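**Q** Sending over a structure as structure tokens; questions will come in a sec.
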Amino acid sequence: GTIFRLGSGGITFLLPLELQIGFGYSAFKAGLLILPNAVAFLIARYCFKKILKKFGFKKILILSPFGVALGLFGLAWMAPTTPGWILVMLMSLIGFTSSIQFGCLNTINFAEIPSNESAPATSVSAVFQQIAFSFAVCFCAGLLVINSEFSKTPVLSHAAFEWTYLILTLVTALSALIFLALDKKDGEHLLG
């Protein structure tokens, strides 16, 4: 799950930065355009059990990163003239599919943990999740700097953001390959 978090975890860092500095939006307007991500994330939580029972862990863990990657790919082509509804759709897609992915990851992490070890395992898992999200922000910031050097543009230019989103798209999509190793029945006992 760390690779998925690395690819998708920096979106709440990158997008407000681009909207405010790159596109000149106010903090309020940038926040409103990111709000659909959080709303879709919450809506997915209500659908999570039904989706999980219908498709199982393996299918979701393989397919969800592609939903997030599709949203990131769309953000790479965003410009100041892009209609707000397109950004709302992309953020909703990213929010919904990442919520489903995180739910699966957080559930299947404990599939083989005995109940007497679940408390320390929960603490360790929470720490690793926070570290992964911190790395994601550092990764995004590093990509912005590297991409600006590569494209010979200022660090916060549209070209630097564009390439950063494209690399994040690739990392997020590649994270699905890890889950190909899962057996179709892995985590099935958790669905009961």
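As shown in the structure tokens, the chain order sets the letters A, B, ...; within each chain, residues go from 1, and ligands are also counted from 1 in the order they appear.
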Quick one: residues within 9 Å of Leu166 (chain A), only C-alpha atoms, excluding same-chain residues fewer than 6 positions away - as a PDB file with all heavy atoms, in the first residue's frame?

**A**
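Saved the output as selection.pdb:
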```pdb
ATOM      1  N   ALA A  69      -5.290   6.786 -10.925  1.00  0.00           N
ATOM      2  CA  ALA A  69      -4.340   7.150 -11.987  1.00  0.00           C
ATOM      3  C   ALA A  69      -5.048   7.913 -13.112  1.00  0.00           C
ATOM      4  O   ALA A  69      -4.499   8.887 -13.645  1.00  0.00           O
ATOM      5  CB  ALA A  69      -3.652   5.901 -12.536  1.00  0.00           C
ATOM      6  N   LEU A  72      -5.509  11.441 -11.894  1.00  0.00           N
ATOM      7  CA  LEU A  72      -4.228  12.153 -11.914  1.00  0.00           C
ATOM      8  C   LEU A  72      -3.818  12.512 -13.340  1.00  0.00           C
ATOM      9  O   LEU A  72      -3.298  13.602 -13.598  1.00  0.00           O
ATOM     10  CB  LEU A  72      -3.136  11.301 -11.259  1.00  0.00           C
ATOM     11  CG  LEU A  72      -3.243  11.131  -9.740  1.00  0.00           C
ATOM     12  CD1 LEU A  72      -2.291  10.038  -9.258  1.00  0.00           C
ATOM     13  CD2 LEU A  72      -2.970  12.437  -9.024  1.00  0.00           C
ATOM     14  N   PHE A  73      -4.079  11.594 -14.259  1.00  0.00           N
ATOM     15  CA  PHE A  73      -3.766  11.852 -15.668  1.00  0.00           C
ATOM     16  C   PHE A  73      -4.570  13.046 -16.174  1.00  0.00           C
ATOM     17  O   PHE A  73      -4.061  13.898 -16.904  1.00  0.00           O
ATOM     18  CB  PHE A  73      -4.050  10.599 -16.505  1.00  0.00           C
ATOM     19  CG  PHE A  73      -3.651  10.724 -17.937  1.00  0.00           C
ATOM     20  CD1 PHE A  73      -2.321  10.627 -18.315  1.00  0.00           C
ATOM     21  CD2 PHE A  73      -4.608  10.939 -18.930  1.00  0.00           C
ATOM     22  CE1 PHE A  73      -1.941  10.745 -19.644  1.00  0.00           C
ATOM     23  CE2 PHE A  73      -4.234  11.055 -20.252  1.00  0.00           C
ATOM     24  CZ  PHE A  73      -2.892  10.957 -20.620  1.00  0.00           C
ATOM     25  N   LEU A  75      -5.642  15.521 -14.343  1.00  0.00           N
ATOM     26  CA  LEU A  75      -5.101  16.732 -13.723  1.00  0.00           C
ATOM     27  C   LEU A  75      -3.862  17.239 -14.453  1.00  0.00           C
ATOM     28  O   LEU A  75      -3.579  18.434 -14.459  1.00  0.00           O
ATOM     29  CB  LEU A  75      -4.763  16.472 -12.251  1.00  0.00           C
ATOM     30  CG  LEU A  75      -5.938  16.245 -11.309  1.00  0.00           C
ATOM     31  CD1 LEU A  75      -5.447  15.932  -9.901  1.00  0.00           C
ATOM     32  CD2 LEU A  75      -6.884  17.428 -11.304  1.00  0.00           C
ATOM     33  N   ALA A  76      -3.118  16.320 -15.082  1.00  0.00           N
ATOM     34  CA  ALA A  76      -1.915  16.723 -15.812  1.00  0.00           C
ATOM     35  C   ALA A  76      -2.255  17.663 -16.965  1.00  0.00           C
ATOM     36  O   ALA A  76      -1.428  18.493 -17.341  1.00  0.00           O
ATOM     37  CB  ALA A  76      -1.180  15.490 -16.345  1.00  0.00           C
TER      38      ALA A  76
END
```

**Q** List every residue of region 46-140 of chain A that has an atom at most 12 Å from any atom of region 20-30 of chain A, and for each one report the closest atom pair and its distance in Å to one decimal, counting only C-alpha atoms, with rows sorted by chain and then by increasing residue number, as JSON lines.

**A**
```
{"residue": "A:Met78", "atom": "CA", "partner": "A:Phe23", "partner_atom": "CA", "distance": 10.1}
{"residue": "A:Ala79", "atom": "CA", "partner": "A:Phe23", "partner_atom": "CA", "distance": 7.7}
{"residue": "A:Pro80", "atom": "CA", "partner": "A:Phe23", "partner_atom": "CA", "distance": 5.4}
{"residue": "A:Thr81", "atom": "CA", "partner": "A:Phe23", "partner_atom": "CA", "distance": 9.1}
{"residue": "A:Thr82", "atom": "CA", "partner": "A:Phe23", "partner_atom": "CA", "distance": 10.5}
{"residue": "A:Gly84", "atom": "CA", "partner": "A:Lys29", "partner_atom": "CA", "distance": 10.1}
{"residue": "A:Leu87", "atom": "CA", "partner": "A:Ala30", "partner_atom": "CA", "distance": 10.6}
{"residue": "A:Val88", "atom": "CA", "partner": "A:Ala30", "partner_atom": "CA", "distance": 11.1}
{"residue": "A:Met91", "atom": "CA", "partner": "A:Ala30", "partner_atom": "CA", "distance": 11.9}
```

**Q** Can those selected residues be exported to a file as an mmCIF file, in the first residue's frame so that it contains N, CA and C atoms?

**A**
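As written to disk, result_36.cif reads:
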```
data_model
loop_
_atom_site.group_PDB
_atom_site.id
_atom_site.type_symbol
_atom_site.label_atom_id
_atom_site.label_comp_id
_atom_site.auth_asym_id
_atom_site.auth_seq_id
_atom_site.Cartn_x
_atom_site.Cartn_y
_atom_site.Cartn_z
ATOM 1 N N MET A 78 -4.803 19.802 -17.002
ATOM 2 C CA MET A 78 -5.601 20.921 -16.514
ATOM 3 C C MET A 78 -4.896 22.250 -16.827
ATOM 4 N N ALA A 79 -5.678 23.261 -17.107
ATOM 5 C CA ALA A 79 -5.163 24.608 -17.372
ATOM 6 C C ALA A 79 -6.078 25.614 -16.673
ATOM 7 N N PRO A 80 -5.664 26.861 -16.555
ATOM 8 C CA PRO A 80 -6.536 27.858 -15.917
ATOM 9 C C PRO A 80 -7.906 27.992 -16.591
ATOM 10 N N THR A 81 -7.982 27.605 -17.853
ATOM 11 C CA THR A 81 -9.258 27.713 -18.578
ATOM 12 C C THR A 81 -10.126 26.455 -18.463
ATOM 13 N N THR A 82 -9.613 25.425 -17.785
ATOM 14 C CA THR A 82 -10.382 24.188 -17.623
ATOM 15 C C THR A 82 -11.640 24.476 -16.806
ATOM 16 N N GLY A 84 -14.564 24.280 -14.176
ATOM 17 C CA GLY A 84 -14.563 23.770 -12.804
ATOM 18 C C GLY A 84 -15.212 22.404 -12.673
ATOM 19 N N LEU A 87 -12.758 19.567 -13.108
ATOM 20 C CA LEU A 87 -11.940 19.374 -11.911
ATOM 21 C C LEU A 87 -12.737 18.683 -10.814
ATOM 22 N N VAL A 88 -13.999 19.055 -10.666
ATOM 23 C CA VAL A 88 -14.872 18.414 -9.670
ATOM 24 C C VAL A 88 -15.006 16.915 -9.977
ATOM 25 N N MET A 91 -11.625 15.156 -9.187
ATOM 26 C CA MET A 91 -11.412 15.045 -7.740
ATOM 27 C C MET A 91 -12.363 14.032 -7.123
#
```

**Q** Hey, can you check how far CA of Val155 (chain A) sits from CA of Gly142 (chain A)?

**A**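 According to the coordinates, CA of Val155 (chain A) and CA of Gly142 (chain A) are separated by 10.0 Å.
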
**Q** Hey, which of A:Gly95, A:Pro154, A:Gly103, A:Pro114 ends up closest to Val39 (chain A)? Count only C-alpha atoms.

**A**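 Counting only C-alpha atoms, the residue closest to Val39 (chain A) is A:Gly95.
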
**Q** Could you write out, as a PyMOL selection string, all the residues of region 73-158 of chain A that DSSP marks as helix (DSSP H, G or I)?

**A** chain A and resi 73-76+84-108+115-151+158

**Q** List as number ranges by chain the protein and nucleic acid residues near Met89 (chain A), meaning an atom at most 10 Å away when only C-alpha atoms are counted, but skip any in the same chain fewer than 5 places from it.

**A** A: 33, 36-37, 40, 71, 74, 84, 94-95
